[in-house]
Structure formats: structure tokens, C-alpha cells
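Next comes data38.cif, a file with mmCIF, C-alpha atoms.
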data_structure
#
loop_
_atom_site.label_atom_id
_atom_site.label_comp_id
_atom_site.auth_asym_id
_atom_site.auth_seq_id
_atom_site.Cartn_x
_atom_site.Cartn_y
_atom_site.Cartn_z
CA MET A 1 79.23 40.83 26.25
CA ALA A 2 82.21 43.15 26.98
CA ASN A 3 83.37 46.17 25.02
CA ASP A 4 87.02 46.81 24.27
CA PRO A 5 88.67 46.00 27.65
CA TYR A 6 91.19 48.84 27.37
CA SER A 7 88.40 51.36 26.83
CA GLU A 8 86.32 49.75 29.58
CA LEU A 9 89.12 50.25 32.12
CA GLY A 10 90.20 53.60 30.66
CA VAL A 11 93.80 52.59 30.08
CA ALA A 12 96.09 52.80 27.06
CA ARG A 13 97.06 49.67 25.15
CA GLY A 14 100.62 50.08 26.40
CA ALA A 15 99.55 50.31 30.05
CA THR A 16 101.59 48.37 32.59
CA ALA A 17 100.11 45.55 34.67
CA ASP A 18 100.22 47.82 37.73
CA GLU A 19 98.34 50.59 35.91
CA ILE A 20 95.67 48.08 34.86
CA ARG A 21 95.28 46.79 38.42
CA LYS A 22 95.00 50.33 39.81
CA ALA A 23 92.41 51.32 37.21
CA PHE A 24 90.34 48.21 37.93
CA ARG A 25 90.47 48.71 41.72
CA LYS A 26 89.38 52.34 41.42
CA LEU A 27 86.47 51.61 39.07
CA ALA A 28 85.41 48.40 40.83
CA LYS A 29 85.16 50.30 44.10
CA GLN A 30 83.09 53.01 42.42
CA TYR A 31 80.65 50.68 40.65
CA HIS A 32 80.57 47.74 43.06
CA PRO A 33 76.96 46.68 43.85
CA ASP A 34 77.63 46.98 47.58
CA ALA A 35 78.30 50.69 47.03
CA ASN A 36 75.30 51.08 44.71
CA PRO A 37 72.48 48.89 46.05
CA GLY A 38 69.63 48.49 43.56
CA ASP A 39 71.46 50.38 40.79
CA LYS A 40 71.24 48.10 37.75
CA ALA A 41 73.40 50.37 35.60
CA SER A 42 76.25 50.21 38.13
CA GLU A 43 75.83 46.45 38.39
CA GLU A 44 76.12 46.06 34.62
CA ARG A 45 79.15 48.36 34.53
CA PHE A 46 80.79 46.32 37.29
CA LYS A 47 80.23 43.15 35.24
CA ARG A 48 81.86 44.74 32.19
CA LEU A 49 84.79 45.94 34.30
CA SER A 50 85.24 42.45 35.70
CA ALA A 51 85.16 40.91 32.23
CA ALA A 52 87.71 43.45 30.99
CA PHE A 53 90.03 42.76 33.91
CA ASP A 54 89.61 39.02 33.34
CA VAL A 55 91.30 39.55 29.97
CA LEU A 56 93.82 42.29 30.72
CA GLY A 57 94.73 41.11 34.21
CA ASP A 58 96.04 37.82 32.83
CA PRO A 59 99.26 38.33 30.80
CA GLU A 60 98.56 35.29 28.60
CA LYS A 61 94.98 36.34 27.81
CA ARG A 62 96.06 39.93 27.23
CA ALA A 63 98.68 38.81 24.72
CA LYS A 64 96.13 36.65 22.89
CA PHE A 65 93.66 39.55 22.78
CA ASP A 66 96.31 41.93 21.45
CA ARG A 67 97.15 39.39 18.72
CA GLY A 68 93.47 39.04 17.83
CA GLU A 69 93.30 35.38 18.89
CA ILE A 70 90.48 35.96 21.39
CA ASP A 71 87.78 38.59 21.64
CA ALA A 72 86.89 40.87 24.57
CA ASP A 73 84.94 38.03 26.20
CA GLY A 74 87.91 35.68 26.02
CA ARG A 75 86.43 33.60 23.17
CA GLN A 76 88.62 32.37 20.38
CA GLN A 77 88.28 34.20 17.09
CA GLY A 78 87.65 32.45 13.77
CA PHE A 79 86.28 28.94 13.19
CA GLY A 80 86.10 26.60 16.13
CA GLY A 81 85.47 22.91 16.40
CA GLY A 82 81.69 23.21 16.50
CA GLY A 83 80.79 23.85 12.90
CA PRO A 84 81.07 26.41 10.16
CA GLY A 85 80.97 30.07 10.99
CA GLY A 86 82.30 29.78 14.57
CA GLN A 87 82.98 27.58 17.49
CA SER A 88 80.52 25.46 19.40
CA PRO A 89 79.73 26.94 22.82
CA PHE A 90 80.54 23.51 24.26
CA GLY A 91 83.47 22.66 21.98
CA ALA A 92 87.17 22.66 22.64
CA GLY A 93 87.44 26.39 22.07
CA GLY A 94 84.16 27.43 23.70
CA PRO A 95 83.57 28.92 27.11
CA PHE A 96 83.17 25.45 28.65
CA GLY A 97 86.18 24.02 26.83
CA PRO A 98 89.76 23.84 28.13
CA GLY A 99 90.51 27.44 27.20
CA GLY A 100 87.15 28.97 28.07
CA PRO A 101 86.36 30.87 31.24
CA PHE A 102 84.46 27.88 32.67
CA GLY A 103 86.76 25.14 31.41
CA ALA A 104 89.57 23.27 33.12
CA GLY A 105 92.10 26.01 32.49
CA GLY A 106 89.85 29.01 32.05
CA GLY A 107 88.92 32.04 34.05
CA ASN A 108 91.94 33.40 35.79
CA ALA A 109 93.87 30.27 35.05
CA ARG A 110 97.41 31.42 35.48
CA GLY A 111 98.31 28.15 37.07
CA GLY A 112 95.87 25.95 35.18
CA ARG A 113 93.31 26.12 38.02
CA ASP A 114 89.63 26.54 37.24
CA PRO A 115 87.93 29.80 38.24
CA PHE A 116 85.90 28.08 40.94
CA GLY A 117 89.05 26.71 42.63
CA GLN A 118 90.72 28.05 45.71
CA SER A 119 93.55 29.94 44.01
CA ALA A 120 91.70 31.72 41.20
CA GLN A 121 92.72 35.29 41.93
CA PHE A 122 94.70 38.17 40.57
CA GLU A 123 97.08 40.16 42.72
CA GLY A 124 94.92 42.57 44.69
CA ALA A 125 91.59 41.39 43.21
CA ASP A 126 89.92 38.04 43.79
CA LEU A 127 88.30 36.71 40.62
CA ASN A 128 86.10 34.46 42.75
CA ASP A 129 84.47 37.64 44.07
CA ILE A 130 83.91 38.81 40.50
CA LEU A 131 82.37 35.49 39.44
CA GLY A 132 80.23 35.43 42.57
CA GLN A 133 78.87 38.87 41.70
CA MET A 134 78.28 38.03 38.00
CA PHE A 135 76.65 34.66 38.49
CA GLY A 136 75.26 34.85 42.04
CA GLN A 137 77.22 31.92 43.41
CA ARG A 138 80.05 31.15 45.80
CA ALA A 139 82.90 30.43 43.45
CA GLY A 140 85.09 28.40 45.75
CA ALA A 141 85.63 24.80 46.69
CA GLY A 142 82.21 23.51 47.70
CA GLY A 143 80.54 26.43 45.86
CA ALA A 144 79.78 25.69 42.23
CA ARG A 145 80.73 22.07 42.76
CA GLY A 146 79.00 21.56 46.12
CA ARG A 147 75.91 23.78 46.08
CA GLY A 148 75.71 24.83 42.47
CA PHE A 149 74.53 28.19 41.23
CA GLY A 150 72.52 30.32 43.61
CA GLY A 151 74.68 29.80 46.73
CA PRO A 152 75.65 32.78 48.91
CA PRO A 153 78.23 35.09 47.29
CA PRO A 154 81.66 35.27 48.94
CA LYS A 155 82.84 38.05 51.20
CA GLY A 156 85.83 40.12 50.25
CA ALA A 157 89.33 39.27 51.39
CA ASP A 158 90.61 40.29 54.81
CA VAL A 159 93.41 42.85 54.97
CA ARG A 160 96.20 42.93 57.55
CA GLY A 161 98.26 45.70 59.11
CA LYS A 162 100.34 46.54 62.18
CA VAL A 163 100.46 49.56 64.48
CA GLU A 164 103.03 50.27 67.20
CA ILE A 165 102.23 52.04 70.47
CA ASP A 166 104.06 53.11 73.62
CA LEU A 167 103.53 51.44 76.99
CA GLU A 168 101.68 54.51 78.26
CA GLU A 169 99.24 54.17 75.34
CA ALA A 170 98.74 50.51 76.19
CA ILE A 171 97.81 51.56 79.72
CA SER A 172 95.44 54.41 78.92
CA GLY A 173 94.24 53.36 75.44
CA ALA A 174 94.77 55.48 72.34
CA LYS A 175 93.46 56.58 68.97
CA LYS A 176 95.59 55.68 65.96
CA ARG A 177 95.31 56.16 62.20
CA LEU A 178 96.62 53.46 59.85
CA SER A 179 97.18 54.03 56.11
CA PHE A 180 97.23 51.22 53.52
CA SER A 181 99.10 51.10 50.23
CA ASP A 182 95.84 51.36 48.27
CA GLY A 183 95.13 54.77 49.82
CA ARG A 184 92.54 53.65 52.39
CA VAL A 185 92.82 55.04 55.94
CA LEU A 186 91.49 53.36 59.09
CA ASP A 187 90.96 55.00 62.48
CA LEU A 188 91.68 52.59 65.33
CA THR A 189 90.72 52.61 68.99
CA ILE A 190 93.44 50.91 71.03
CA PRO A 191 91.83 49.38 74.14
CA LYS A 192 93.23 49.86 77.62
CA GLY A 193 95.57 47.05 78.58
CA ALA A 194 96.47 46.22 74.96
CA LEU A 195 98.98 43.39 74.67
CA ASP A 196 102.02 43.15 72.46
CA GLY A 197 101.05 40.88 69.55
CA GLN A 198 97.30 41.29 70.13
CA THR A 199 95.18 41.44 66.96
CA LEU A 200 92.20 43.75 66.57
CA ARG A 201 89.47 42.72 64.10
CA LEU A 202 87.62 45.56 62.39
CA LYS A 203 84.47 44.17 60.84
CA GLY A 204 83.72 45.18 57.26
CA GLN A 205 86.97 47.13 56.75
CA GLY A 206 88.58 44.66 54.33
CA GLN A 207 88.41 44.22 50.56
CA PRO A 208 84.95 44.56 48.93
CA GLY A 209 83.19 41.39 47.83
CA ALA A 210 79.86 40.28 46.42
CA GLY A 211 78.81 39.00 49.84
CA GLY A 212 80.04 42.11 51.63
CA PRO A 213 83.50 43.39 52.57
CA GLY A 214 86.02 41.34 54.52
CA ASP A 215 87.60 42.41 57.80
CA ALA A 216 90.75 44.29 58.72
CA LEU A 217 93.09 42.45 61.11
CA ILE A 218 95.43 44.87 62.87
CA GLU A 219 98.31 43.57 65.01
CA ILE A 220 99.42 45.71 67.96
CA GLY A 221 103.09 46.08 68.80
CA VAL A 222 104.03 47.62 72.18
CA ARG A 223 107.45 49.27 72.14
CA PRO A 224 109.87 48.32 74.97
CA HIS A 225 109.98 50.90 77.79
CA PRO A 226 113.31 52.11 79.20
CA VAL A 227 112.07 51.89 82.83
CA PHE A 228 109.11 49.52 83.17
CA ARG A 229 108.78 45.83 82.33
CA ARG A 230 105.38 44.21 81.98
CA GLU A 231 104.56 40.95 83.75
CA GLY A 232 100.87 40.29 83.16
CA ASP A 233 98.96 43.02 84.97
CA LEU A 234 102.07 43.97 86.97
CA LEU A 235 104.70 46.51 86.05
CA VAL A 236 108.22 46.02 87.42
CA MET A 237 110.99 48.60 87.67
CA ASP A 238 114.46 48.94 89.20
CA LEU A 239 114.74 51.80 91.73
CA PRO A 240 118.31 52.89 92.60
CA ILE A 241 118.74 54.15 96.21
CA SER A 242 121.76 55.48 98.06
CA ALA A 243 123.62 53.55 100.75
CA PRO A 244 122.54 56.00 103.51
CA ASP A 245 118.88 55.64 102.49
CA ALA A 246 119.27 51.88 102.53
CA VAL A 247 120.85 51.92 106.01
CA LEU A 248 118.84 54.69 107.66
CA GLY A 249 115.63 54.63 105.58
CA GLY A 250 114.20 57.72 103.96
CA LYS A 251 112.03 59.27 101.27
CA VAL A 252 112.93 58.77 97.62
CA THR A 253 111.26 59.83 94.36
CA ALA A 254 110.15 57.10 91.96
CA SER A 255 108.83 57.33 88.40
CA THR A 256 105.48 55.73 87.53
CA PRO A 257 103.45 55.74 84.27
CA ASP A 258 101.20 58.34 85.91
CA GLY A 259 104.01 60.63 87.07
CA ALA A 260 106.57 60.80 89.87
CA VAL A 261 105.63 59.75 93.42
CA SER A 262 107.37 59.77 96.81
CA LEU A 263 108.23 56.41 98.39
CA THR A 264 109.38 55.53 101.89
CA VAL A 265 112.40 53.22 101.94
CA PRO A 266 112.45 51.13 105.14
CA LYS A 267 115.52 51.28 107.39
CA GLY A 268 117.97 48.49 106.62
CA SER A 269 116.77 47.86 103.06
CA ASN A 270 118.79 45.67 100.71
CA SER A 271 119.10 45.38 96.94
CA GLY A 272 116.39 43.12 95.56
CA GLN A 273 113.80 44.15 98.12
CA THR A 274 110.57 45.37 96.46
CA LEU A 275 108.12 48.11 97.29
CA ARG A 276 104.56 47.74 95.97
CA LEU A 277 102.64 50.68 94.55
CA LYS A 278 98.95 49.80 94.39
CA GLY A 279 97.03 50.50 91.19
CA ARG A 280 100.03 51.78 89.20
CA GLY A 281 100.36 48.76 86.89
CA MET A 282 98.55 47.54 83.76
CA PRO A 283 94.74 47.44 83.44
CA ASP A 284 92.99 44.08 83.02
CA ALA A 285 90.10 43.35 80.66
CA LYS A 286 87.69 45.16 83.01
CA GLY A 287 89.92 48.20 83.37
CA LYS A 288 91.15 47.41 86.90
CA ARG A 289 94.84 48.18 87.18
CA GLY A 290 97.45 45.94 88.70
CA ASP A 291 100.37 47.08 90.85
CA LEU A 292 103.82 48.49 90.22
CA LEU A 293 106.74 46.72 91.90
CA ALA A 294 109.82 48.86 92.59
CA ARG A 295 112.89 46.67 93.03
CA LEU A 296 115.47 48.44 95.20
CA ILE A 297 119.07 48.64 93.95
CA VAL A 298 121.55 49.98 96.55
CA THR A 299 123.95 52.18 94.59
CA LEU A 300 127.26 53.72 95.67
CA PRO A 301 128.32 57.17 94.47
CA GLU A 302 130.47 57.33 91.38
CA GLY A 303 134.15 57.99 91.83
CA SER A 304 136.35 57.68 94.92
CA ASP A 305 135.13 58.94 98.31
CA PRO A 306 137.92 58.85 100.96
CA ALA A 307 135.56 59.33 103.89
CA LEU A 308 133.34 56.47 102.73
CA GLU A 309 136.39 54.28 102.21
CA ARG A 310 137.65 54.95 105.79
CA PHE A 311 134.20 54.18 107.17
CA ALA A 312 134.08 50.92 105.18
CA GLU A 313 137.55 49.92 106.42
CA GLU A 314 136.58 50.49 110.04
CA TRP A 315 133.29 48.66 109.53
CA ARG A 316 134.99 45.68 107.92
CA ARG A 317 137.55 45.58 110.73
CA ASP A 318 135.19 46.11 113.68
CA ARG A 319 131.91 44.64 112.38
CA PRO A 320 132.71 41.90 109.89
CA TYR A 321 129.76 40.06 108.34
CA THR A 322 129.07 37.69 105.44
CA PRO A 323 125.93 38.39 103.33
CA LYS A 324 123.52 35.51 102.91
CA ARG A 325 123.92 33.69 99.62
CA LYS A 326 121.17 31.54 98.14
#
Would you write the structure of this file as C-alpha cells?
Amino acid sequence: MANDPYSELGVARGATADEIRKAFRKLAKQYHPDANPGDKASEERFKRLSAAFDVLGDPEKRAKFDRGEIDADGRQQGFGGGGPGGQSPFGAGGPFGPGGPFGAGGGNARGGRDPFGQSAQFEGADLNDILGQMFGQRAGAGGARGRGFGGPPPKGADVRGKVEIDLEEAISGAKKRLSFSDGRVLDLTIPKGALDGQTLRLKGQGQPGAGGPGDALIEIGVRPHPVFRREGDLLVMDLPISAPDAVLGGKVTASTPDGAVSLTVPKGSNSGQTLRLKGRGMPDAKGKRGDLLARLIVTLPEGSDPALERFAEEWRRDRPYTPKRK
């Protein structure tokens, strides 16, 4: 069925396993039936590529082929157990025997698992997808065993990635571009109100498969902000104020994700008291924003201030008081 597998994949006989995998991925993507609907020539080429990778992608099979013990289809060379002139197709050395592609240890049987089992896959390429394309079946548990040939072909494998964003991008939404090691690039739309650890599912952006491509699952990481802390739809911040502003009240400038604003500090404010800024927090699922809570922190000036010290001494002497303690 297959030609020389090295020629089929366009690699030298001394090619490394990584070079073989890269060559197969490139050609499989080019000739995959999903990319060439109705093109019989591409379908046949994809089958030959899959058969070639079935041999060269398995170190044990590749070694046997290089020694001349099996042919390009993975069949044993020479006389088999089925009679003179060759092996029986159902004998010990045939395709349905223990060493054949449909036997107990065949296919991509690196671990002795059959090609319709759950772990029959090469690194970066799922042999079940290849078998599903070549034989029109779902080559997994409950596929060839449960429904037999003719079941729906499997989808390609999902791929996973992670993208990090700033808090401001989580508030307003953002556009991001994510690159994968195989050279593919995905453009992402980060929704408003994105959560740290949230996963976005991009339909059809995964690995190709006979039943269609899988999905891309992208985890969002929101970097910690030096000023704001998120509590659900609320944002919380500490707002330092001077002792005179705390005692007398006054206008202070506060940072928000949308820019600086002016706040009125009430007379007689204490540390821990909060001021609420409506609509300056995180958006919910419908885009409505929560509030920003500014927690007041009464702060003394740095360094020694003799005048302030004399005032404090007189105050402690003439107007002693004990703060409430919870």
C-alpha cells in the first residue's frame, strides 16, 4: 500500500524523531481531508503519509524496517506461518496477528496497546485520528469494539494555552495574540470582567482530526495590581490621607482604573473608614460595573515635626481619650 516511508515524508534515512514528526505534521496539515474536501488525490496522499508515519514514528517499527524485517506497510518480510511464499493475512505475522497493525500489539503499539485503545498515539499526532480517517471509524474504546466500522470519525485533540493580562484589560476587555510551539497563531478576544483562572474555549482551533478539529482551551491569568484588589465585582484600594484632612475634612485625589478623581473626605474621618465610588469597579457578565471602595488610611508626615509634637503633647494632656478597640 505505502511507498518508501522516508520518501513519502520527504526525510533522510538518518532523520531524527523530531524531524520525522515535524515533516508529518506539515504534510498531514496540507493533505488532510478536512482541508481538501472532495479531493480524492489528497485523501490518498494523506493515507500514505499516515502509513509512513505509522512505521517511522515508532522507534521499534522503524528499526525493523531499516533492518528489512518488515515492509513499508509494517508486514513481516519473508515466509510467514500461513504457507509457502509468504505469510497468511490472518497468521501470527499477518496484519491481524500479534505484530500486525490490527493485532494485540500492533498499530502504534509502543506500550503493547492495540490501535483502537485509548492510548494509541504518537507525540503530537493521534494515530486514532489517522485510523479513523483511513477506515471511517471511531478508533477508541467503544468505537471498533462497540459500534464497529462505519461509526463517526473522532475529532482532533484539544490544545491548551495561557495568556496573562493586566487588571485594566480585565475591566475593559482586550485583544491578544497567542503563539503555539507548532507555529500556529490564535487571536483572542478577552471579555470584559475576565476572571483570573477563567478558561476560554475556541471552537475548532485545536488539532485536526477526521471528524473535524478539536478546540483550543485558553486559561486567563490576571496579574496582581499594585493599587486595586478585586473582590467579586468590587474593587478595593487603600487611600492615604493626612491628619488635617482626617480631622477637618477636605478634598483629596484618588486613583481609579479610569483615571484620577477628586473625593471629599468627611470631617473627623478615621483609618478604616471607606468611601464608595459608584461604577468604578469590575463589570459583571452583563457589563454592569460594580463599585470601588477607598479605605482611608490616616498617615502622619515622615520625619520629626516639632510643632506637631507640641500640639500632640498638649492634646494628650488636655484632651485625653482612648480609641475604641474591637
Enumerate, as a PyMOL selection string, the residues matched when the PyMOL selection byres ((chain A and resi 226-240) around 8) is run on the file above. chain A and resi 224-225+241-242+254+280-284+289-299
Test item: residues at most 7 Å from Gly214 of chain A, only C-alpha atoms, excluding those fewer than 2 positions along its chain, as a ChimeraX atom specification: /A:155-158,204-208,212,216
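The interatomic distance for the pair atom CA of Glu219 of chain A and atom CA of Leu186 of chain A works out to 13.3 Å.
Here atom CA of Val222 of chain A is placed at a distance of 6.2 Å from atom CA of Leu167 of chain A.
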Around all of segment 227-232 of chain A's listed atoms, make the axis-aligned box with 6 Å on each side and tell me centre and edge lengths in Å to one decimal, as AutoDock Vina command-line options.
--center_x 106.5 --center_y 46.1 --center_z 82.9 --size_x 23.2 --size_y 23.6 --size_z 13.8
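Neighbours of Leu248 of chain A closer than or equal to 8 Å, with all atoms listed in the file counted and sequence neighbours fewer than 2 positions away skipped, come out as Pro244, Asp245, Ala246, Gly250, Pro266, Lys267 and Gly268 of chain A.
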Tell me which residues the PyMOL selection byres ((chain A and resi 194) around 8) grabs here, as a ChimeraX atom specification. /A:170-171,173,190-193,195-196,198,220
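Interatomic distance, atom CA of Gly197 of chain A to atom CA of Gly279 of chain A: 24.0 Å.
Applied to this file, the PyMOL selection byres ((chain A and resi 23) around 10) selects the residues Glu8, Leu9, Gly10, Val11, Ala17, Asp18, Glu19, Ile20, Arg21, Lys22, Phe24, Arg25, Lys26, Leu27, Ala28, Leu49 and Phe53 of chain A.
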What would the file look like if the residues just selected were written as a PDB file, in the coordinates of the input with C-alpha atoms?
ATOM      1  CA  GLU A   8      86.320  49.750  29.580  1.00  0.00           C
ATOM      2  CA  LEU A   9      89.120  50.250  32.120  1.00  0.00           C
ATOM      3  CA  GLY A  10      90.200  53.600  30.660  1.00  0.00           C
ATOM      4  CA  VAL A  11      93.800  52.590  30.080  1.00  0.00           C
ATOM      5  CA  ALA A  17     100.110  45.550  34.670  1.00  0.00           C
ATOM      6  CA  ASP A  18     100.220  47.820  37.730  1.00  0.00           C
ATOM      7  CA  GLU A  19      98.340  50.590  35.910  1.00  0.00           C
ATOM      8  CA  ILE A  20      95.670  48.080  34.860  1.00  0.00           C
ATOM      9  CA  ARG A  21      95.280  46.790  38.420  1.00  0.00           C
ATOM     10  CA  LYS A  22      95.000  50.330  39.810  1.00  0.00           C
ATOM     11  CA  PHE A  24      90.340  48.210  37.930  1.00  0.00           C
ATOM     12  CA  ARG A  25      90.470  48.710  41.720  1.00  0.00           C
ATOM     13  CA  LYS A  26      89.380  52.340  41.420  1.00  0.00           C
ATOM     14  CA  LEU A  27      86.470  51.610  39.070  1.00  0.00           C
ATOM     15  CA  ALA A  28      85.410  48.400  40.830  1.00  0.00           C
ATOM     16  CA  LEU A  49      84.790  45.940  34.300  1.00  0.00           C
ATOM     17  CA  PHE A  53      90.030  42.760  33.910  1.00  0.00           C
TER      18      PHE A  53
END
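Take the candidates A:Ala210, A:Val185, A:Arg201, A:Asn270 and check each one against Pro37 of chain A using only C-alpha atoms; the shortest distance goes to A:Ala210.
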Which neighbours of segment 65-67 of chain A fall inside 10 Å, counting all atoms listed in the file, when residues of the same chain fewer than 5 positions from it are skipped, and could you give them as a PyMOL selection string? chain A and resi 4-5+13+55-56+59-60+72-77
Report as a PyMOL selection string all protein, DNA and RNA residues lying within 7 Å of Glu43 of chain A, evaluated on all atoms listed in the file, omitting residues in the same chain fewer than 2 positions from it. chain A and resi 31-33+39-41+45-47
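Remark: for Gly161 of chain A, the closest of the candidate residues A:Arg62, A:Arg184, A:Arg223, A:Lys175 is A:Arg184 (distances computed over all atoms listed in the file).
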Using the atoms already present, construct N, CA and C atoms for segment 200-219 of chain A and hand them back as a PDB file, in the coordinates of the input.
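So rebuild_24.pdb came out as:
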ATOM      1  N   LEU A 200      93.522  43.148  66.567  1.00  0.00           N
ATOM      2  CA  LEU A 200      92.200  43.750  66.570  1.00  0.00           C
ATOM      3  C   LEU A 200      91.506  43.420  65.245  1.00  0.00           C
ATOM      4  N   ARG A 201      90.244  43.009  65.316  1.00  0.00           N
ATOM      5  CA  ARG A 201      89.470  42.720  64.100  1.00  0.00           C
ATOM      6  C   ARG A 201      88.453  43.841  63.889  1.00  0.00           C
ATOM      7  N   LEU A 202      88.557  44.503  62.750  1.00  0.00           N
ATOM      8  CA  LEU A 202      87.620  45.560  62.390  1.00  0.00           C
ATOM      9  C   LEU A 202      86.676  45.023  61.329  1.00  0.00           C
ATOM     10  N   LYS A 203      85.447  44.776  61.728  1.00  0.00           N
ATOM     11  CA  LYS A 203      84.470  44.170  60.840  1.00  0.00           C
ATOM     12  C   LYS A 203      84.162  45.084  59.650  1.00  0.00           C
ATOM     13  N   GLY A 204      84.136  44.467  58.455  1.00  0.00           N
ATOM     14  CA  GLY A 204      83.720  45.180  57.260  1.00  0.00           C
ATOM     15  C   GLY A 204      84.706  46.205  56.742  1.00  0.00           C
ATOM     16  N   GLN A 205      85.976  46.154  57.197  1.00  0.00           N
ATOM     17  CA  GLN A 205      86.970  47.130  56.750  1.00  0.00           C
ATOM     18  C   GLN A 205      87.983  46.520  55.795  1.00  0.00           C
ATOM     19  N   GLY A 206      87.671  45.317  55.261  1.00  0.00           N
ATOM     20  CA  GLY A 206      88.580  44.660  54.330  1.00  0.00           C
ATOM     21  C   GLY A 206      88.227  44.958  52.888  1.00  0.00           C
ATOM     22  N   GLN A 207      88.668  44.056  51.984  1.00  0.00           N
ATOM     23  CA  GLN A 207      88.410  44.220  50.560  1.00  0.00           C
ATOM     24  C   GLN A 207      86.925  44.021  50.268  1.00  0.00           C
ATOM     25  N   PRO A 208      86.364  44.758  49.296  1.00  0.00           N
ATOM     26  CA  PRO A 208      84.950  44.560  48.930  1.00  0.00           C
ATOM     27  C   PRO A 208      84.739  43.204  48.291  1.00  0.00           C
ATOM     28  N   GLY A 209      83.559  42.659  48.431  1.00  0.00           N
ATOM     29  CA  GLY A 209      83.190  41.390  47.830  1.00  0.00           C
ATOM     30  C   GLY A 209      81.699  41.340  47.583  1.00  0.00           C
ATOM     31  N   ALA A 210      81.273  40.381  46.759  1.00  0.00           N
ATOM     32  CA  ALA A 210      79.860  40.280  46.420  1.00  0.00           C
ATOM     33  C   ALA A 210      79.005  40.023  47.659  1.00  0.00           C
ATOM     34  N   GLY A 211      79.548  39.292  48.623  1.00  0.00           N
ATOM     35  CA  GLY A 211      78.810  39.000  49.840  1.00  0.00           C
ATOM     36  C   GLY A 211      79.088  39.989  50.958  1.00  0.00           C
ATOM     37  N   GLY A 212      79.692  41.115  50.624  1.00  0.00           N
ATOM     38  CA  GLY A 212      80.040  42.110  51.630  1.00  0.00           C
ATOM     39  C   GLY A 212      81.549  42.181  51.802  1.00  0.00           C
ATOM     40  N   PRO A 213      82.054  43.243  52.395  1.00  0.00           N
ATOM     41  CA  PRO A 213      83.500  43.390  52.570  1.00  0.00           C
ATOM     42  C   PRO A 213      84.044  42.440  53.625  1.00  0.00           C
ATOM     43  N   GLY A 214      85.341  42.124  53.495  1.00  0.00           N
ATOM     44  CA  GLY A 214      86.020  41.340  54.520  1.00  0.00           C
ATOM     45  C   GLY A 214      86.360  42.216  55.717  1.00  0.00           C
ATOM     46  N   ASP A 215      87.234  41.703  56.576  1.00  0.00           N
ATOM     47  CA  ASP A 215      87.600  42.410  57.800  1.00  0.00           C
ATOM     48  C   ASP A 215      89.039  42.910  57.708  1.00  0.00           C
ATOM     49  N   ALA A 216      89.376  43.839  58.572  1.00  0.00           N
ATOM     50  CA  ALA A 216      90.750  44.290  58.720  1.00  0.00           C
ATOM     51  C   ALA A 216      91.300  43.720  60.026  1.00  0.00           C
ATOM     52  N   LEU A 217      92.442  43.056  59.947  1.00  0.00           N
ATOM     53  CA  LEU A 217      93.090  42.450  61.110  1.00  0.00           C
ATOM     54  C   LEU A 217      94.352  43.249  61.410  1.00  0.00           C
ATOM     55  N   ILE A 218      94.336  43.957  62.532  1.00  0.00           N
ATOM     56  CA  ILE A 218      95.430  44.870  62.870  1.00  0.00           C
ATOM     57  C   ILE A 218      96.180  44.338  64.086  1.00  0.00           C
ATOM     58  N   GLU A 219      97.472  44.053  63.903  1.00  0.00           N
ATOM     59  CA  GLU A 219      98.310  43.570  65.010  1.00  0.00           C
ATOM     60  C   GLU A 219      98.880  44.761  65.778  1.00  0.00           C
TER      61      GLU A 219
END
